[in-house]
Amino acid sequence: MSTTIPRKLSMPKRMPEDFGRFLSTEVVGAIVLLAATVIALVFANSPLHVAYEAFWETSVGIAIGDHGFSMPLVDLVNDALMALFFLVVGLEIKREILVGELSARRKAALPLLAAIGGMAVPALVYLALNYGGAGESGWGIPMATDIAFAVGVMALLGSRVPQGLKVFLVSLAIVDDIGAILIIAVAYTADLSVLWLAFAVLLLVALVLLNRLSVDHPAPYLIVGVLMWFCVLLSGVHSTIAGVMLAFAIPSTAKLDPLSFARQTREDCSEIESHHVRGEHVLENDRQQIVARRIRRAAHHTSAPLQRLEFALHPWTTFLVLPLFALANAGVRFVDASLTDLFATPIALGVTLGLLLGKPFGIVLATWLAERFHLVELPSGTGWRHIIGAGILGGIGFTMSIFISGLAFSDASQVNEAKAAIMIASVVAGYAGYLVLRSVCKDRAR
């Protein structure tokens with residue numbers, strides 16, 4: 001007797017221990033990312049800086065006869081590997097919208113409004129210094145928050161930080177990611193090729209059809225996703241957007257719910273026991289092995305493809321893709337530069353003030369207005385000083401800000417000005433946010 005497998009079932013809610021595992025992965029990932037950043041800075045500011053820069057400009061690719069495709073190593077990281085990172089970001093966003101902190105209007109309102117304030121004010125601060133100038137296109141740089149470093153700094157305070165504040169910061173950073181994705185897709189798109197964009201849309205339709213047909217294995221999605229990435233790359237839209245498009249096509253439902261699995265497994269276990277022969281070698285009993293494999297397949301179908309893919313890819317993006325991104329992009333040369341001259345430039349000043357002043361002011365102001373008009377309530381166990389501390393940590397831009405700086409400017413000197421300002425501002429924001437939260441948490445502990 002077999003149990004009927006339902007066609008589609010809702011993805012179960014993420015358990016608190018999963019959130020803790022997520023945070024711990026981000027914390028360790030922040031340490032690895034920091035180490036990669038330090039290595040890049042050491043190479044860039046040493047006699048090896050010429051070899052370092054030449055290495056990342058080395059072209060790699062494939063060729064078949066007279067036809068081939070190649071790109072510099074730095075572009076391979078930024079356009080191809082970062083698409084994998086954006087796939088994971090998209091999966092996280094989709095999960096949060098379906099069952100997480102962004103699933104209920106009341107729960108989503110606070111991080112949503114705070115993130116909007118935290119994106120709008122830094123952009124305005126930057127534009128106030130760069131509007132009409134050569135650096136005007138960099139307005140998106142100070143809008144992003146680096147979730148790994150922000151969570152990593154907060155983790156230094158351990159359990160003294162209220163859980164509600166951690167959830168608030170993570171949710172805010174996820175909404176920030178949504179904003180950054182929209183900015184990249186809309187504001188930092190080169191000349192469009194309608195033909196290649198049409199091909200990408202057709203492949204997106206194919207992904208949606210795979211979803212509607214309840215295709216459970218990730219391989220078909222990934223194969224079509226790679227083809228879509230190539231079409232998006234040639235369309236003029238930044239290729240990493242293909243990762244997000246793919247993420248939203250991945251099914252978020254499981255073929256088998258846990259209770260049906262439990263009932264079916266009990267029957268299968270009984271069948272294994274009924275075929276047991278004392279003293280018989282395991283290789284002699286094919287029936288038991290067939291039933292055992294059936295249990296394994298059924299267990300596989302109790303989790304949604306979205307969950308399986310996110311859990312499988314998250315360590316790779318955290319411990320490989322992002323460190324490679326830092327190695328390729330964080331090598332800013334400070335040896336020949338003057339900090340006084342650097343911060344005299346509108347670009348560096350706009351990025352710095354946007355991250356250090358615009359971010360916390362925008363987050364706190366939006367939160368205060370929302371609470372003032374009774375649209376939201378502050379997270380449990382948190383006060384305004386907690387929100388200020390989290391707002392300051394929001395000024396840690398790093399990964400997404402560096403990524404956007406490469407899209408905003410074509411001039412290498414402008415990119416370096418922005419990157420230098422991002423790193424300096426992120427360090428200051430991290431340290432200042434830590435000091436504020438440590439003071440608040442110390443008072444709370446008393």
# chains A, B, ... in the order shown; residues from 1 in each chain; ligands from 1
>>> residues_around(residues="segment 356-361 of chain A", least_positions_apart="5", cutoff="9 Å", atoms="only C-alpha atoms", output="count of residues only")
30
>>> select_by_dssp(residues="segment 206-400 of chain A", states="helix (DSSP H, G or I)", output="ChimeraX atom specification")
/A:206-212,218-235,241-249,258-274,282-284,286-300,305-329,339-342,346-372,384-393,398-400
>>> residues_around(residues="segment 236-249 of chain A", least_positions_apart="2", cutoff="6 Å", atoms="only C-alpha atoms", output="ChimeraX atom specification")
/A:79,83,86-87,90-91,189-192,207-208,225,229,232-234
>>> closest_residue(among="A:His300, A:Arg105, A:Lys94, A:Arg266", to="Asp177 of chain A", atoms="only C-alpha atoms")
A:Lys94
>>> residues_around(residues="segment 381-385 of chain A", least_positions_apart="5", cutoff="10 Å", atoms="only C-alpha atoms", output="PyMOL selection string")
chain A and resi 161-165+364+367-368+390-391+436-437+439-441+444
>>> write_last_selection(atoms="N, CA, C and O atoms", output="mmCIF file, in the first residue's frame")
data_model
loop_
_atom_site.group_PDB
_atom_site.id
_atom_site.type_symbol
_atom_site.label_atom_id
_atom_site.label_comp_id
_atom_site.auth_asym_id
_atom_site.auth_seq_id
_atom_site.Cartn_x
_atom_site.Cartn_y
_atom_site.Cartn_z
ATOM 1 N N VAL A 161 22.830 41.001 22.320
ATOM 2 C CA VAL A 161 22.031 41.702 21.316
ATOM 3 C C VAL A 161 20.658 41.037 21.229
ATOM 4 O O VAL A 161 20.568 39.820 21.044
ATOM 5 N N PRO A 162 19.572 41.787 21.350
ATOM 6 C CA PRO A 162 18.235 41.187 21.249
ATOM 7 C C PRO A 162 18.036 40.492 19.912
ATOM 8 O O PRO A 162 18.479 40.991 18.866
ATOM 9 N N GLN A 163 17.393 39.328 19.948
ATOM 10 C CA GLN A 163 17.156 38.573 18.725
ATOM 11 C C GLN A 163 16.364 39.399 17.721
ATOM 12 O O GLN A 163 16.603 39.328 16.511
ATOM 13 N N GLY A 164 15.419 40.197 18.236
ATOM 14 C CA GLY A 164 14.607 41.023 17.342
ATOM 15 C C GLY A 164 15.435 42.013 16.552
ATOM 16 O O GLY A 164 15.120 42.330 15.395
ATOM 17 N N LEU A 165 16.522 42.523 17.156
ATOM 18 C CA LEU A 165 17.385 43.477 16.461
ATOM 19 C C LEU A 165 18.174 42.773 15.360
ATOM 20 O O LEU A 165 18.388 43.339 14.283
ATOM 21 N N VAL A 364 17.051 55.515 10.753
ATOM 22 C CA VAL A 364 16.436 55.947 12.012
ATOM 23 C C VAL A 364 15.244 56.860 11.742
ATOM 24 O O VAL A 364 14.198 56.733 12.391
ATOM 25 N N THR A 367 12.298 54.800 10.476
ATOM 26 C CA THR A 367 11.759 53.995 11.581
ATOM 27 C C THR A 367 10.974 54.870 12.553
ATOM 28 O O THR A 367 9.886 54.482 13.010
ATOM 29 N N TRP A 368 11.500 56.044 12.875
ATOM 30 C CA TRP A 368 10.827 56.957 13.813
ATOM 31 C C TRP A 368 9.481 57.423 13.253
ATOM 32 O O TRP A 368 8.469 57.426 13.958
ATOM 33 N N ALA A 390 22.116 49.816 14.917
ATOM 34 C CA ALA A 390 21.887 49.026 13.701
ATOM 35 C C ALA A 390 21.967 49.902 12.463
ATOM 36 O O ALA A 390 22.486 49.486 11.422
ATOM 37 N N GLY A 391 21.470 51.142 12.576
ATOM 38 C CA GLY A 391 21.535 52.069 11.454
ATOM 39 C C GLY A 391 22.967 52.402 11.072
ATOM 40 O O GLY A 391 23.301 52.494 9.888
ATOM 41 N N VAL A 436 28.497 51.652 19.789
ATOM 42 C CA VAL A 436 27.157 52.067 20.221
ATOM 43 C C VAL A 436 26.381 50.877 20.777
ATOM 44 O O VAL A 436 25.795 50.956 21.868
ATOM 45 N N LEU A 437 26.382 49.765 20.048
ATOM 46 C CA LEU A 437 25.623 48.593 20.510
ATOM 47 C C LEU A 437 26.243 47.990 21.765
ATOM 48 O O LEU A 437 25.513 47.495 22.634
ATOM 49 N N SER A 439 27.693 49.622 24.148
ATOM 50 C CA SER A 439 27.256 50.507 25.244
ATOM 51 C C SER A 439 25.802 50.230 25.613
ATOM 52 O O SER A 439 25.462 50.113 26.789
ATOM 53 N N VAL A 440 24.942 50.085 24.597
ATOM 54 C CA VAL A 440 23.518 49.823 24.848
ATOM 55 C C VAL A 440 23.328 48.458 25.504
ATOM 56 O O VAL A 440 22.577 48.320 26.476
ATOM 57 N N CYS A 441 24.028 47.456 24.985
ATOM 58 C CA CYS A 441 23.875 46.100 25.519
ATOM 59 C C CYS A 441 24.445 45.998 26.930
ATOM 60 O O CYS A 441 23.957 45.219 27.739
ATOM 61 N N ARG A 444 21.844 47.319 29.121
ATOM 62 C CA ARG A 444 20.748 46.357 29.187
ATOM 63 C C ARG A 444 21.079 45.189 30.108
ATOM 64 O O ARG A 444 20.236 44.691 30.844
#
>>> closest_residue(among="A:Ala134, A:Ile250, A:Leu213, A:Val427", to="Ser413 of chain A", atoms="only C-alpha atoms")
A:Ala134
>>> residues_around(residues="Ala326 of chain A", least_positions_apart="6", cutoff="12 Å", atoms="only C-alpha atoms", output="list in words")
Ala30, Val32, Leu33, Leu34, Ala35, Ala36, Thr37, Val38, Ile39, Ala40, Leu41, Trp56, Val74, Val77, Asn78, Met82, Thr318, Phe319, Leu320, Val332, Phe398, Thr399, Met400, Ser401, Ile402, Phe403, Lys419 and Met423 of chain A
>>> atom_distance(atom1="atom CA of Asp75 of chain A", atom2="atom CA of Ile174 of chain A")
24.9 Å
>>> residues_around(residues="segment 404-407 of chain A", least_positions_apart="4", cutoff="7 Å", atoms="only C-alpha atoms", output="list in words")
Gly138, Gly140, Ile141, Tyr188, Met400, Val415 and Ala418 of chain A
>>> closest_residue(among="A:Ile183, A:Leu259, A:Ala198, A:Ala114", to="Leu169 of chain A", atoms="only C-alpha atoms")
A:Ala114
>>> closest_residue(among="A:Glu92, A:Glu136, A:Glu371, A:Glu57", to="Leu313 of chain A", atoms="only C-alpha atoms")
A:Glu92
>>> residues_around(residues="Ala421 of chain A", least_positions_apart="4", cutoff="9 Å", atoms="only C-alpha atoms", output="PyMOL selection string")
chain A and resi 342-343+347-352+416-417+425-426
>>> atom_distance(atom1="atom CA of Glu310 of chain A", atom2="atom CA of Glu96 of chain A")
12.4 Å
>>> decode(residues="segment 84-126 of chain A", atoms="C-alpha atoms", output="short mmCIF file (atom, residue, chain, number, x, y, z; two decimals), in the first residue's frame")
data_model
loop_
_atom_site.label_atom_id
_atom_site.label_comp_id
_atom_site.auth_asym_id
_atom_site.auth_seq_id
_atom_site.Cartn_x
_atom_site.Cartn_y
_atom_site.Cartn_z
CA LEU A 84 25.83 32.65 -8.60
CA PHE A 85 25.92 34.99 -5.60
CA PHE A 86 22.88 36.84 -6.93
CA LEU A 87 21.13 33.49 -7.41
CA VAL A 88 21.57 32.76 -3.70
CA VAL A 89 20.48 36.31 -2.80
CA GLY A 90 17.39 35.81 -4.95
CA LEU A 91 16.61 32.48 -3.26
CA GLU A 92 16.94 34.13 0.17
CA ILE A 93 14.69 37.00 -0.87
CA LYS A 94 12.06 34.64 -2.28
CA ARG A 95 12.08 32.56 0.91
CA GLU A 96 11.76 35.64 3.11
CA ILE A 97 8.84 36.93 1.02
CA LEU A 98 7.06 33.56 1.19
CA VAL A 99 7.58 32.47 4.78
CA GLY A 100 10.10 34.76 6.48
CA GLU A 101 10.23 38.25 7.93
CA LEU A 102 8.87 39.77 4.73
CA SER A 103 5.90 37.38 4.43
CA ALA A 104 3.41 39.26 6.62
CA ARG A 105 2.57 42.90 5.99
CA ARG A 106 2.99 43.86 9.64
CA LYS A 107 6.33 42.06 9.97
CA ALA A 108 7.66 43.36 6.66
CA ALA A 109 6.65 46.99 7.20
CA LEU A 110 9.46 47.95 9.60
CA PRO A 111 12.50 46.62 7.66
CA LEU A 112 10.88 47.72 4.38
CA LEU A 113 10.34 51.32 5.46
CA ALA A 114 13.69 51.49 7.28
CA ALA A 115 15.49 50.17 4.20
CA ILE A 116 13.75 52.68 1.92
CA GLY A 117 14.91 55.50 4.19
CA GLY A 118 18.36 53.93 4.33
CA MET A 119 18.57 53.91 0.54
CA ALA A 120 16.98 57.25 -0.31
CA VAL A 121 18.90 59.51 2.10
CA PRO A 122 22.43 58.27 1.18
CA ALA A 123 21.61 58.70 -2.52
CA LEU A 124 20.43 62.26 -1.86
CA VAL A 125 23.55 63.03 0.19
CA TYR A 126 25.73 61.74 -2.63
#
